Each structure stands twice: as structure tokens, then as C-alpha cells.
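> Here you go, this is start38.txt (compact mmCIF, C-alpha atoms).
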```
# COMPACT_ATOMS: atom_id res chain seq x y z
CA MET A 1 -45.99 -48.91 -102.53
CA SER A 2 -48.02 -51.71 -100.95
CA ASP A 3 -51.21 -50.99 -99.04
CA VAL A 4 -49.70 -52.01 -95.73
CA LYS A 5 -47.27 -49.59 -94.13
CA LYS A 6 -44.86 -50.23 -91.30
CA PHE A 7 -45.85 -48.13 -88.29
CA LEU A 8 -43.58 -47.74 -85.27
CA TYR A 9 -44.81 -46.13 -82.07
CA VAL A 10 -41.80 -44.75 -80.22
CA ASN A 11 -42.17 -44.34 -76.46
CA ARG A 12 -39.42 -42.40 -74.68
CA LYS A 13 -41.32 -41.01 -71.70
CA ALA A 14 -42.18 -42.45 -68.30
CA PRO A 15 -45.85 -43.06 -67.38
CA TYR A 16 -48.06 -40.83 -65.15
CA GLY A 17 -45.81 -37.73 -64.98
CA THR A 18 -47.31 -36.77 -68.33
CA ILE A 19 -50.19 -38.17 -70.37
CA TYR A 20 -48.09 -39.15 -73.39
CA ALA A 21 -47.76 -42.85 -72.49
CA LEU A 22 -51.52 -43.29 -71.99
CA GLU A 23 -52.51 -41.37 -75.11
CA SER A 24 -49.88 -43.24 -77.13
CA LEU A 25 -51.53 -46.50 -76.10
CA GLU A 26 -54.89 -45.11 -77.23
CA VAL A 27 -53.47 -44.49 -80.71
CA VAL A 28 -52.07 -48.03 -80.82
CA LEU A 29 -55.46 -49.54 -79.91
CA ILE A 30 -57.35 -47.50 -82.50
CA GLY A 31 -54.62 -47.99 -85.09
CA ALA A 32 -54.84 -51.77 -84.73
CA ALA A 33 -58.13 -51.73 -86.65
CA PHE A 34 -56.33 -50.46 -89.76
CA GLU A 35 -54.40 -53.70 -90.25
CA GLN A 36 -51.03 -52.11 -90.76
CA ASP A 37 -47.69 -53.64 -89.78
CA VAL A 38 -47.40 -52.29 -86.23
CA ALA A 39 -44.62 -52.41 -83.66
CA LEU A 40 -43.89 -50.49 -80.46
CA ALA A 41 -40.48 -49.27 -79.32
CA PHE A 42 -39.57 -48.50 -75.74
CA LEU A 43 -36.34 -46.65 -75.08
CA ASP A 44 -34.95 -44.04 -72.71
CA ASP A 45 -37.53 -43.40 -69.94
CA GLY A 46 -40.14 -45.19 -72.06
CA VAL A 47 -38.93 -48.50 -70.60
CA PHE A 48 -40.51 -47.46 -67.27
CA GLN A 49 -43.95 -47.80 -68.89
CA LEU A 50 -43.61 -51.59 -68.87
CA THR A 51 -42.56 -52.20 -65.27
CA LYS A 52 -44.47 -54.58 -63.01
CA SER A 53 -46.45 -53.68 -59.91
CA GLN A 54 -47.76 -50.27 -60.95
CA GLU A 55 -50.33 -49.16 -58.38
CA THR A 56 -51.96 -45.79 -58.99
CA ASP A 57 -54.71 -45.58 -56.34
CA GLY A 58 -52.60 -43.16 -54.32
CA ILE A 59 -52.38 -40.61 -57.13
CA GLY A 60 -55.94 -41.02 -58.37
CA CYS A 61 -54.95 -41.79 -61.96
CA LYS A 62 -56.01 -44.74 -64.07
CA ASN A 63 -53.46 -47.56 -64.06
CA PHE A 64 -53.14 -48.33 -67.74
CA SER A 65 -50.28 -50.82 -67.46
CA PRO A 66 -52.59 -53.90 -67.71
CA THR A 67 -53.60 -52.64 -71.17
CA PHE A 68 -50.19 -53.64 -72.50
CA ARG A 69 -51.09 -57.27 -71.73
CA ALA A 70 -54.20 -56.96 -73.93
CA LEU A 71 -52.29 -55.76 -77.00
CA GLY A 72 -51.95 -59.33 -78.29
CA ASP A 73 -55.75 -59.46 -78.71
CA TYR A 74 -55.37 -56.54 -81.11
CA ASP A 75 -52.65 -58.32 -83.07
CA VAL A 76 -50.01 -55.96 -81.70
CA THR A 77 -47.36 -58.50 -80.83
CA ARG A 78 -44.00 -56.79 -81.16
CA LEU A 79 -42.82 -54.62 -78.28
CA TYR A 80 -39.15 -53.78 -78.75
CA VAL A 81 -37.38 -52.75 -75.55
CA GLU A 82 -33.88 -51.31 -75.65
CA ARG A 83 -31.40 -53.19 -73.49
CA GLU A 84 -29.08 -50.22 -72.91
CA SER A 85 -32.01 -48.08 -71.74
CA LEU A 86 -32.94 -50.77 -69.20
CA GLU A 87 -29.34 -51.12 -67.98
CA GLU A 88 -28.78 -47.37 -67.66
CA ARG A 89 -31.78 -47.28 -65.34
CA GLY A 90 -30.76 -50.29 -63.25
CA LEU A 91 -33.50 -52.48 -64.70
CA THR A 92 -33.49 -55.96 -66.18
CA GLU A 93 -36.11 -57.77 -68.22
CA ASP A 94 -37.35 -59.32 -64.95
CA ASP A 95 -38.56 -55.91 -63.84
CA LEU A 96 -40.96 -55.78 -66.79
CA GLN A 97 -44.46 -57.25 -66.97
CA GLU A 98 -44.86 -60.52 -68.77
CA ILE A 99 -46.73 -59.75 -72.00
CA MET A 100 -47.79 -62.73 -74.11
CA TYR A 101 -49.70 -63.27 -77.32
CA GLU A 102 -51.15 -66.32 -79.02
CA ASP A 103 -49.52 -67.03 -82.37
CA GLU A 104 -52.29 -68.02 -84.79
CA ASP A 105 -49.69 -69.26 -87.29
CA ASP A 106 -48.24 -71.65 -84.72
CA ASP A 107 -51.30 -73.46 -83.32
CA TRP A 108 -52.04 -70.55 -80.96
CA ALA A 109 -48.85 -71.12 -78.98
CA GLU A 110 -48.25 -68.52 -76.27
CA LYS A 111 -45.24 -66.37 -77.06
CA PRO A 112 -43.69 -63.30 -75.43
CA SER A 113 -44.44 -59.96 -77.08
CA ILE A 114 -41.52 -58.17 -75.45
CA CYS A 115 -38.31 -58.43 -77.38
CA VAL A 116 -35.25 -56.91 -75.70
CA ILE A 117 -32.85 -55.64 -78.34
CA SER A 118 -29.63 -53.66 -78.40
CA ARG A 119 -29.39 -49.97 -79.22
CA ALA A 120 -27.89 -50.80 -82.62
CA GLU A 121 -30.76 -53.18 -83.33
CA MET A 122 -33.23 -50.48 -82.26
CA ALA A 123 -31.65 -48.14 -84.80
CA ASP A 124 -32.13 -50.85 -87.43
CA VAL A 125 -35.80 -51.26 -86.49
CA MET A 126 -36.35 -47.49 -86.73
CA ALA A 127 -34.64 -47.32 -90.11
CA GLU A 128 -36.99 -49.84 -91.71
CA GLN A 129 -40.27 -48.02 -90.92
CA ASP A 130 -42.63 -46.10 -93.16
CA VAL A 131 -44.26 -44.06 -90.40
CA ILE A 132 -42.81 -43.22 -87.00
CA LEU A 133 -45.10 -41.79 -84.34
CA SER A 134 -43.24 -40.40 -81.33
CA PHE A 135 -44.76 -39.90 -77.91
CA MET B 1 -33.27 -44.99 -97.51
CA SER B 2 -32.59 -42.38 -94.87
CA THR B 3 -34.29 -40.55 -92.03
CA LEU B 4 -34.64 -36.90 -91.10
CA HIS B 5 -34.52 -36.63 -87.32
CA THR B 6 -35.81 -33.51 -85.58
CA VAL B 7 -34.69 -32.49 -82.09
CA ASN B 8 -36.40 -29.62 -80.30
CA LYS B 9 -34.71 -29.68 -76.88
CA SER B 10 -31.41 -28.29 -75.69
CA PRO B 11 -28.89 -31.03 -74.93
CA TYR B 12 -28.09 -29.10 -71.74
CA MET B 13 -31.64 -29.90 -70.58
CA THR B 14 -32.50 -33.36 -71.90
CA GLN B 15 -30.97 -36.47 -73.46
CA SER B 16 -32.99 -36.18 -76.67
CA LEU B 17 -30.15 -35.06 -78.94
CA VAL B 18 -27.74 -37.68 -77.59
CA SER B 19 -30.39 -40.39 -77.85
CA CYS B 20 -31.19 -39.27 -81.39
CA LEU B 21 -27.54 -39.33 -82.45
CA ASN B 22 -27.22 -42.76 -80.82
CA HIS B 23 -29.87 -44.11 -83.16
CA CYS B 24 -28.85 -42.42 -86.41
CA LYS B 25 -27.69 -44.34 -89.43
CA GLU B 26 -25.09 -43.23 -91.92
CA GLY B 27 -26.69 -40.82 -94.38
CA ASP B 28 -29.34 -39.58 -91.96
CA ALA B 29 -29.88 -35.91 -91.22
CA VAL B 30 -30.53 -34.26 -87.85
CA LEU B 31 -32.34 -30.93 -87.81
CA MET B 32 -32.21 -28.98 -84.55
CA ILE B 33 -35.26 -26.75 -84.07
CA GLU B 34 -36.73 -24.64 -81.24
CA ASP B 35 -34.56 -25.04 -78.10
CA GLY B 36 -32.80 -27.82 -79.97
CA ILE B 37 -30.66 -25.22 -81.76
CA TYR B 38 -28.47 -24.91 -78.64
CA GLY B 39 -27.15 -28.34 -79.57
CA GLY B 40 -25.32 -26.68 -82.44
CA LEU B 41 -23.31 -24.29 -80.27
CA ALA B 42 -19.54 -24.46 -80.39
CA GLY B 43 -17.60 -24.06 -77.16
CA GLY B 44 -20.08 -25.63 -74.76
CA GLN B 45 -19.66 -28.87 -72.79
CA MET B 46 -21.83 -30.76 -75.25
CA ALA B 47 -19.99 -29.50 -78.33
CA PRO B 48 -17.31 -32.23 -78.51
CA ILE B 49 -19.98 -34.91 -77.97
CA VAL B 50 -22.21 -33.54 -80.71
CA GLU B 51 -19.21 -33.13 -82.99
CA GLU B 52 -18.04 -36.72 -82.45
CA MET B 53 -21.46 -38.37 -82.56
CA GLY B 54 -22.57 -36.23 -85.49
CA LYS B 55 -19.78 -37.35 -87.81
CA LYS B 56 -21.86 -39.96 -89.61
CA VAL B 57 -24.85 -37.65 -90.22
CA SER B 58 -25.60 -34.23 -91.68
CA LEU B 59 -26.38 -31.67 -88.98
CA TYR B 60 -28.72 -28.75 -89.57
CA VAL B 61 -30.17 -25.95 -87.46
CA LEU B 62 -33.32 -23.97 -88.16
CA THR B 63 -32.19 -20.37 -88.71
CA PRO B 64 -35.42 -18.59 -87.62
CA ASP B 65 -35.11 -20.34 -84.24
CA MET B 66 -31.45 -19.28 -84.02
CA ALA B 67 -32.27 -15.67 -84.85
CA ALA B 68 -35.09 -15.61 -82.29
CA ARG B 69 -32.61 -16.69 -79.62
CA GLY B 70 -29.88 -14.30 -80.68
CA VAL B 71 -27.59 -17.08 -81.86
CA ASP B 72 -25.42 -16.07 -84.78
CA SER B 73 -24.14 -18.66 -87.27
CA SER B 74 -20.58 -17.79 -86.19
CA ARG B 75 -21.39 -19.51 -82.87
CA LEU B 76 -22.12 -22.85 -84.52
CA LEU B 77 -19.95 -25.93 -84.67
CA GLU B 78 -18.13 -26.32 -87.93
CA GLY B 79 -20.03 -28.30 -90.54
CA ILE B 80 -23.49 -27.46 -89.29
CA GLU B 81 -25.71 -25.97 -91.93
CA GLY B 82 -28.46 -23.42 -91.31
CA VAL B 83 -31.80 -23.90 -93.07
CA ASP B 84 -35.02 -21.86 -93.05
CA TYR B 85 -38.51 -23.39 -93.14
CA THR B 86 -38.27 -23.89 -96.89
CA GLY B 87 -35.08 -25.86 -96.28
CA PHE B 88 -36.85 -27.82 -93.53
CA VAL B 89 -39.53 -28.85 -96.05
CA GLU B 90 -36.84 -29.85 -98.55
CA LEU B 91 -35.15 -32.04 -95.93
CA VAL B 92 -38.48 -33.74 -95.20
CA THR B 93 -39.00 -34.57 -98.86
CA LYS B 94 -35.40 -35.63 -99.44
CA HIS B 95 -35.43 -38.26 -96.69
CA ASP B 96 -37.73 -41.26 -96.61
CA ARG B 97 -39.21 -40.65 -93.19
CA THR B 98 -39.18 -38.11 -90.39
CA GLN B 99 -38.66 -39.01 -86.76
CA ALA B 100 -39.26 -36.46 -84.01
CA TRP B 101 -37.25 -36.89 -80.81
CA LEU B 102 -39.77 -35.34 -78.43
CA MET C 1 -45.68 -34.59 -102.27
CA LYS C 2 -48.35 -35.21 -99.63
CA ILE C 3 -47.09 -34.14 -96.22
CA GLY C 4 -49.16 -34.88 -93.13
CA VAL C 5 -48.57 -33.07 -89.85
CA LEU C 6 -49.18 -34.10 -86.24
CA VAL C 7 -49.29 -31.39 -83.55
CA SER C 8 -49.03 -32.79 -80.04
CA GLU C 9 -48.52 -29.74 -77.87
CA GLY C 10 -50.78 -26.84 -76.95
CA PRO C 11 -50.62 -23.17 -77.91
CA TYR C 12 -48.58 -20.40 -76.23
CA THR C 13 -46.77 -22.63 -73.69
CA HIS C 14 -44.79 -24.53 -76.32
CA GLU C 15 -43.34 -23.41 -79.63
CA ALA C 16 -44.40 -26.69 -81.29
CA VAL C 17 -47.65 -25.37 -82.74
CA ASP C 18 -45.89 -22.27 -84.12
CA SER C 19 -43.21 -24.45 -85.70
CA ALA C 20 -45.93 -26.61 -87.23
CA TYR C 21 -47.70 -23.52 -88.62
CA ASN C 22 -44.53 -22.12 -90.17
CA PHE C 23 -43.69 -25.54 -91.58
CA VAL C 24 -47.12 -26.01 -93.16
CA LYS C 25 -47.00 -22.54 -94.74
CA ALA C 26 -43.58 -23.28 -96.22
CA ALA C 27 -44.71 -26.68 -97.50
CA LEU C 28 -47.75 -25.16 -99.22
CA ALA C 29 -45.64 -22.34 -100.68
CA ALA C 30 -43.29 -24.95 -102.13
CA GLY C 31 -46.23 -26.55 -103.94
CA HIS C 32 -46.69 -29.55 -101.67
CA GLU C 33 -50.04 -30.80 -100.50
CA VAL C 34 -50.82 -30.77 -96.78
CA PRO C 35 -53.98 -32.83 -96.72
CA ARG C 36 -54.47 -32.81 -92.98
CA VAL C 37 -53.08 -31.53 -89.69
CA PHE C 38 -54.00 -33.72 -86.74
CA PHE C 39 -54.09 -32.19 -83.25
CA TYR C 40 -53.45 -34.54 -80.34
CA HIS C 41 -52.58 -34.35 -76.62
CA ASP C 42 -52.70 -30.67 -75.56
CA GLY C 43 -52.54 -29.77 -79.25
CA VAL C 44 -56.35 -29.92 -79.23
CA ASN C 45 -56.36 -26.68 -77.22
CA VAL C 46 -55.39 -24.78 -80.36
CA SER C 47 -58.95 -25.20 -81.58
CA THR C 48 -60.86 -23.22 -78.95
CA ARG C 49 -62.38 -20.08 -80.39
CA LEU C 50 -62.55 -18.58 -76.89
CA SER C 51 -58.87 -17.68 -76.55
CA VAL C 52 -58.24 -13.93 -76.49
CA PRO C 53 -54.52 -13.23 -76.79
CA PRO C 54 -53.26 -9.62 -76.43
CA GLN C 55 -53.69 -7.61 -79.64
CA ASP C 56 -49.96 -7.28 -80.31
CA GLU C 57 -49.52 -11.07 -80.17
CA ARG C 58 -50.23 -13.67 -82.81
CA ASN C 59 -53.62 -15.34 -82.62
CA ILE C 60 -52.70 -18.98 -83.07
CA GLN C 61 -56.23 -20.28 -83.54
CA GLU C 62 -57.10 -17.59 -86.12
CA ASN C 63 -53.91 -18.27 -88.05
CA TRP C 64 -54.84 -21.94 -88.39
CA THR C 65 -58.46 -21.14 -89.24
CA ASN C 66 -57.28 -18.83 -92.02
CA LEU C 67 -54.89 -21.48 -93.31
CA ALA C 68 -57.76 -23.97 -93.48
CA LYS C 69 -59.92 -21.45 -95.35
CA GLU C 70 -57.27 -20.40 -97.83
CA HIS C 71 -55.67 -23.75 -98.57
CA GLY C 72 -58.32 -26.30 -97.66
CA VAL C 73 -56.13 -27.97 -95.05
CA ASP C 74 -58.24 -30.40 -93.01
CA LEU C 75 -57.70 -29.52 -89.33
CA VAL C 76 -58.72 -32.52 -87.23
CA VAL C 77 -58.90 -32.48 -83.44
CA CYS C 78 -58.78 -35.85 -81.68
CA ILE C 79 -62.11 -36.49 -79.99
CA ALA C 80 -60.76 -38.45 -77.01
CA ALA C 81 -58.08 -35.85 -76.25
CA ALA C 82 -60.56 -33.02 -76.88
CA GLN C 83 -63.20 -34.35 -74.51
CA ARG C 84 -60.65 -34.65 -71.70
CA ARG C 85 -59.64 -31.04 -72.20
CA GLY C 86 -63.04 -29.44 -72.71
CA ILE C 87 -62.99 -28.92 -76.46
CA LEU C 88 -66.47 -29.58 -77.87
CA ASP C 89 -68.36 -29.02 -81.07
CA LYS C 90 -72.12 -28.43 -81.11
CA ASN C 91 -73.05 -32.09 -81.52
CA GLU C 92 -70.72 -33.30 -78.79
CA ALA C 93 -71.87 -30.55 -76.41
CA GLU C 94 -75.47 -31.62 -76.88
CA ARG C 95 -74.65 -35.29 -76.59
CA GLN C 96 -72.69 -34.74 -73.37
CA GLY C 97 -75.28 -32.39 -71.89
CA LYS C 98 -72.94 -29.39 -71.82
CA ASP C 99 -74.24 -25.83 -72.12
CA ALA C 100 -71.73 -24.59 -74.71
CA ASP C 101 -69.36 -25.59 -77.43
CA ASN C 102 -66.10 -23.87 -78.27
CA ILE C 103 -64.55 -25.28 -81.41
CA ALA C 104 -63.36 -22.69 -83.91
CA GLU C 105 -64.21 -22.49 -87.59
CA GLY C 106 -62.00 -24.60 -89.80
CA PHE C 107 -61.44 -27.31 -87.17
CA ARG C 108 -63.41 -30.53 -86.87
CA ILE C 109 -63.49 -33.14 -84.14
CA SER C 110 -62.96 -36.73 -85.17
CA GLY C 111 -61.34 -39.98 -84.11
CA LEU C 112 -57.75 -41.16 -83.88
CA GLY C 113 -58.38 -43.20 -87.01
CA GLN C 114 -57.89 -39.95 -88.92
CA LEU C 115 -54.29 -39.85 -87.72
CA ILE C 116 -53.62 -43.42 -88.81
CA GLU C 117 -55.32 -42.76 -92.14
CA LEU C 118 -53.06 -39.71 -92.59
CA GLY C 119 -50.02 -41.87 -91.90
CA ILE C 120 -51.18 -44.35 -94.53
CA GLN C 121 -52.10 -41.82 -97.19
CA ALA C 122 -49.39 -39.18 -96.82
CA ASP C 123 -45.89 -39.59 -98.24
CA ARG C 124 -44.41 -38.12 -95.06
CA LEU C 125 -45.68 -37.50 -91.55
CA VAL C 126 -43.98 -34.74 -89.57
CA THR C 127 -44.56 -34.45 -85.81
CA PHE C 128 -44.30 -31.29 -83.73
CA GLY C 129 -44.50 -31.63 -79.96
CA ASP C 130 -42.45 -31.21 -76.83
```
Turn the structure described in the file into C-alpha cells.

Amino acid sequence: MSDVKKFLYVNRKAPYGTIYALESLEVVLIGAAFEQDVALAFLDDGVFQLTKSQETDGIGCKNFSPTFRALGDYDVTRLYVERESLEERGLTEDDLQEIMYEDEDDDWAEKPSICVISRAEMADVMAEQDVILSF
Amino acid sequence: MSTLHTVNKSPYMTQSLVSCLNHCKEGDAVLMIEDGIYGGLAGGQMAPIVEEMGKKVSLYVLTPDMAARGVDSSRLLEGIEGVDYTGFVELVTKHDRTQAWL
Amino acid sequence: MKIGVLVSEGPYTHEAVDSAYNFVKAALAAGHEVPRVFFYHDGVNVSTRLSVPPQDERNIQENWTNLAKEHGVDLVVCIAAAQRRGILDKNEAERQGKDADNIAEGFRISGLGQLIELGIQADRLVTFGD
């Protein structure tokens, strides 16, 4: 087996109601230092983590949604979002934050990190991983 | 290459089992543990859904969790196999990865 | 085979930590290696030595401590999650100016890198949570 493993962080829970989304992001940020092949998956209520306009002053919790926009600086550039999960919740890609990264292999061109894929494609992504961490 | 999926919630409470089955590939296994064992019950509203969606995978339930909840194997959907913790470990080793549907 | 375990739910409220314990015992009995169990989210609460469950109930922390002693399983508690929830070892307590520590024997506090390292080194990673 090669030294680099494929890690997938699976997010199926909404933010703020529980701490899972925030602590999942903490693992992603620490894990980035290990130079593995990392991707994030957002499905079911996990898609709510990426919505725009989160404003948490009224509940006294830290708004961690801007952190997703910094993931590109950690070389975490693949955020798979399940289309069916969005549709079931009345959301479209326009409801999600714009998350970009600079592609060092393409003259630092700005590219979107979010990749909306079908449920069948999500199953394919899951099936090609070495390690799946669920939050 | 195949995956062992674990589900620990009742399908009468959450979508986890349905979402899991929606993402399974042919040859995968789904092990229902803790409150997840209720997903294996015959006769309930979810039974036909689990039966239909579970066709392409092998379905298992953890017997100590069944016994704790007073669920006898005669109450299970046909084709579901009971395993103890030793069987759970065997399933983990037999499949290439484990995915928990929390 | 090397099987790593992640526990992401706390004791007594959820069955997850009991399932993890039973799983690890079965894996060891079958001759597998369980190099490390990583405790995250409320799972860190397993490691307080100050819990006093009724005598006729299982003592979750003691069970894990004994497992670590007997089989050399490395029980690692995530530092970030532990600090949020008031789980401290002696060094951390001193560093944070707290008047006590509470981590039980057999557990150690360390960073999330230990979870990633476990994922890299183990042949399988099994997660128990809620």
C-alpha cells in the first residue's frame, strides 16, 4: 500500500444544534498537515453546514462557516455536495457559500472547491476511500 | 473492494438506515447495531423498504443488541443474519473499509 | 490485522462506548491488534476518574483502564475536545491554572494528529458514535 491514503470526512449533520460539524472541521484542519489525499462529503443535513449568511451572534456560538473558505489554504480542495440532499431540503447550489482555491498546477487559477454530485456519484466516491471518518 | 456499513439508529427515528442503503454498492454489508437493530424487524412500516433496498447487500444484526431489547430472531426479515461481536470483527476484516452512519 | 477505533460519544447516555468496548475485546480475543482507541467529541468524558456509578452497574472508565493495562491498548483523548469538556491531566491543569486534574490511569491526552496517524497506520478504522 502506498504511503498516502484516501481520507473522506463525511458530514451528515446540521451545524450548531450539535458540535459535530465544528469538531469535524477541526479534524480536517489538523489532518491537512499529514499530506494525505483528503476530501469532504456533505449529504443529508450536512449540506446545511455550507449555507450562506450564517449569523450566530444571537445564540452566542462561534460562527465557523467562514473556515470552510480557508480550506483551500490547507490544500483541502474537494468538497463533494450531494445534489439530492440539497433538493430534498429545497436548496440549490446558489444557497451555498462560494468556496474557492488556487490551483498551483494551473498557474494559481481560482477554482471552486464545491463539487455538486449525484447520490450515485457520492456512493462511488465513498467506495474508493481508504479511511472514512463520519461526523 | 467492499464496505461494511454500520447503522446504530432505528429507521423509525432517523433517516440513517435509508441513507446508508442509498449509498451501498453491490457486495457491501450493512450491520445494524444498538437501536439500529429495529431496522431488521419484519412487519413494520419500514420492513418493505429495507427489504427492497437491501437486496443488493448483505444485511446483518448484532445479536447481543437484539437480546438486550427482547427482539427474537423470529421477528427479523428473511435473509438477515445475526452476528455476535466476534462476527462483527470478522465483518470488519472481511471488508476493505468500515463506514459508520452516525 | 491492525484495527483502530474511534469513540465519539460519551459514557452512560449513549451505548456507543459500550459497543466500542465489546468490539475491542472481541477483536483482541480473535488475535487482532488494537493499537489505539481515540476518544473524540463527548467520548473524552469516558476518561474522567471522578465518575462514581452505582455499584451494581458497569464502571465504564475502569473497564477501559483495565483493557489498557492488560492489552497495552493506547487510549488517547483529544486535547481540544477534552479542554472544552473539563478533562485535564496534571500538566494541562498546571498550564491552564486549574486546581485539579481528573484523567484516569491508562488514558493520555494528545492531539487530533493521533487520530489521523491511526487512520494511516491501521488496516481498518471503526467508528462508534451516535
> Give the answer as one residue: which of A:Asp94, A:Glu35, A:Glu23, A:Asp75 has the shortest atom-to-atom distance to Val116 (chain A), using all atoms listed in the file?
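Result for the nearest residue to Val116 (chain A): A:Asp94.
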> Using all atoms listed in the file, what residues lie at most 8 Å away from (-39.0, -43.1, -98.8) (file coordinates), given as an MDAnalysis selection string?
(chainID A and resid 130) or (chainID B and resid 1:2 95:97) or (chainID C and resid 123)
> Near region 7-15 of chain A, within 10 Å and counting only C-alpha atoms, which residues show up once chain neighbours fewer than 6 positions away are dropped, as number ranges by chain?
A: 21-22, 24-25, 27-28, 31, 36-51, 54, 63-65, 78-81, 85, 125-126, 128-135; B: 16, 19, 99-102; C: 116, 119-120
> If you keep C-alpha atoms, can you produce a file of those selected residues as a JSON list (two decimals), in the coordinates of the input?

```json
[["chain", "number", "residue", "atom", "x", "y", "z"],
["A", 21, "ALA", "CA", -47.76, -42.85, -72.49],
["A", 22, "LEU", "CA", -51.52, -43.29, -71.99],
["A", 24, "SER", "CA", -49.88, -43.24, -77.13],
["A", 25, "LEU", "CA", -51.53, -46.50, -76.10],
["A", 27, "VAL", "CA", -53.47, -44.49, -80.71],
["A", 28, "VAL", "CA", -52.07, -48.03, -80.82],
["A", 31, "GLY", "CA", -54.62, -47.99, -85.09],
["A", 36, "GLN", "CA", -51.03, -52.11, -90.76],
["A", 37, "ASP", "CA", -47.69, -53.64, -89.78],
["A", 38, "VAL", "CA", -47.40, -52.29, -86.23],
["A", 39, "ALA", "CA", -44.62, -52.41, -83.66],
["A", 40, "LEU", "CA", -43.89, -50.49, -80.46],
["A", 41, "ALA", "CA", -40.48, -49.27, -79.32],
["A", 42, "PHE", "CA", -39.57, -48.50, -75.74],
["A", 43, "LEU", "CA", -36.34, -46.65, -75.08],
["A", 44, "ASP", "CA", -34.95, -44.04, -72.71],
["A", 45, "ASP", "CA", -37.53, -43.40, -69.94],
["A", 46, "GLY", "CA", -40.14, -45.19, -72.06],
["A", 47, "VAL", "CA", -38.93, -48.50, -70.60],
["A", 48, "PHE", "CA", -40.51, -47.46, -67.27],
["A", 49, "GLN", "CA", -43.95, -47.80, -68.89],
["A", 50, "LEU", "CA", -43.61, -51.59, -68.87],
["A", 51, "THR", "CA", -42.56, -52.20, -65.27],
["A", 54, "GLN", "CA", -47.76, -50.27, -60.95],
["A", 63, "ASN", "CA", -53.46, -47.56, -64.06],
["A", 64, "PHE", "CA", -53.14, -48.33, -67.74],
["A", 65, "SER", "CA", -50.28, -50.82, -67.46],
["A", 78, "ARG", "CA", -44.00, -56.79, -81.16],
["A", 79, "LEU", "CA", -42.82, -54.62, -78.28],
["A", 80, "TYR", "CA", -39.15, -53.78, -78.75],
["A", 81, "VAL", "CA", -37.38, -52.75, -75.55],
["A", 85, "SER", "CA", -32.01, -48.08, -71.74],
["A", 125, "VAL", "CA", -35.80, -51.26, -86.49],
["A", 126, "MET", "CA", -36.35, -47.49, -86.73],
["A", 128, "GLU", "CA", -36.99, -49.84, -91.71],
["A", 129, "GLN", "CA", -40.27, -48.02, -90.92],
["A", 130, "ASP", "CA", -42.63, -46.10, -93.16],
["A", 131, "VAL", "CA", -44.26, -44.06, -90.40],
["A", 132, "ILE", "CA", -42.81, -43.22, -87.00],
["A", 133, "LEU", "CA", -45.10, -41.79, -84.34],
["A", 134, "SER", "CA", -43.24, -40.40, -81.33],
["A", 135, "PHE", "CA", -44.76, -39.90, -77.91],
["B", 16, "SER", "CA", -32.99, -36.18, -76.67],
["B", 19, "SER", "CA", -30.39, -40.39, -77.85],
["B", 99, "GLN", "CA", -38.66, -39.01, -86.76],
["B", 100, "ALA", "CA", -39.26, -36.46, -84.01],
["B", 101, "TRP", "CA", -37.25, -36.89, -80.81],
["B", 102, "LEU", "CA", -39.77, -35.34, -78.43],
["C", 116, "ILE", "CA", -53.62, -43.42, -88.81],
["C", 119, "GLY", "CA", -50.02, -41.87, -91.90],
["C", 120, "ILE", "CA", -51.18, -44.35, -94.53]]
```
> If I take CA of Val92 (chain B) and CA of Leu4 (chain B), how far is one from the other in Å, to one decimal?
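Between these atoms lies a distance of 6.4 Å.
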> Quick one, how far is CA of Thr67 (chain A) from CA of Gln97 (chain A)?
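Value for the CA of Thr67 (chain A)-CA of Gln97 (chain A) distance: 11.1 Å.
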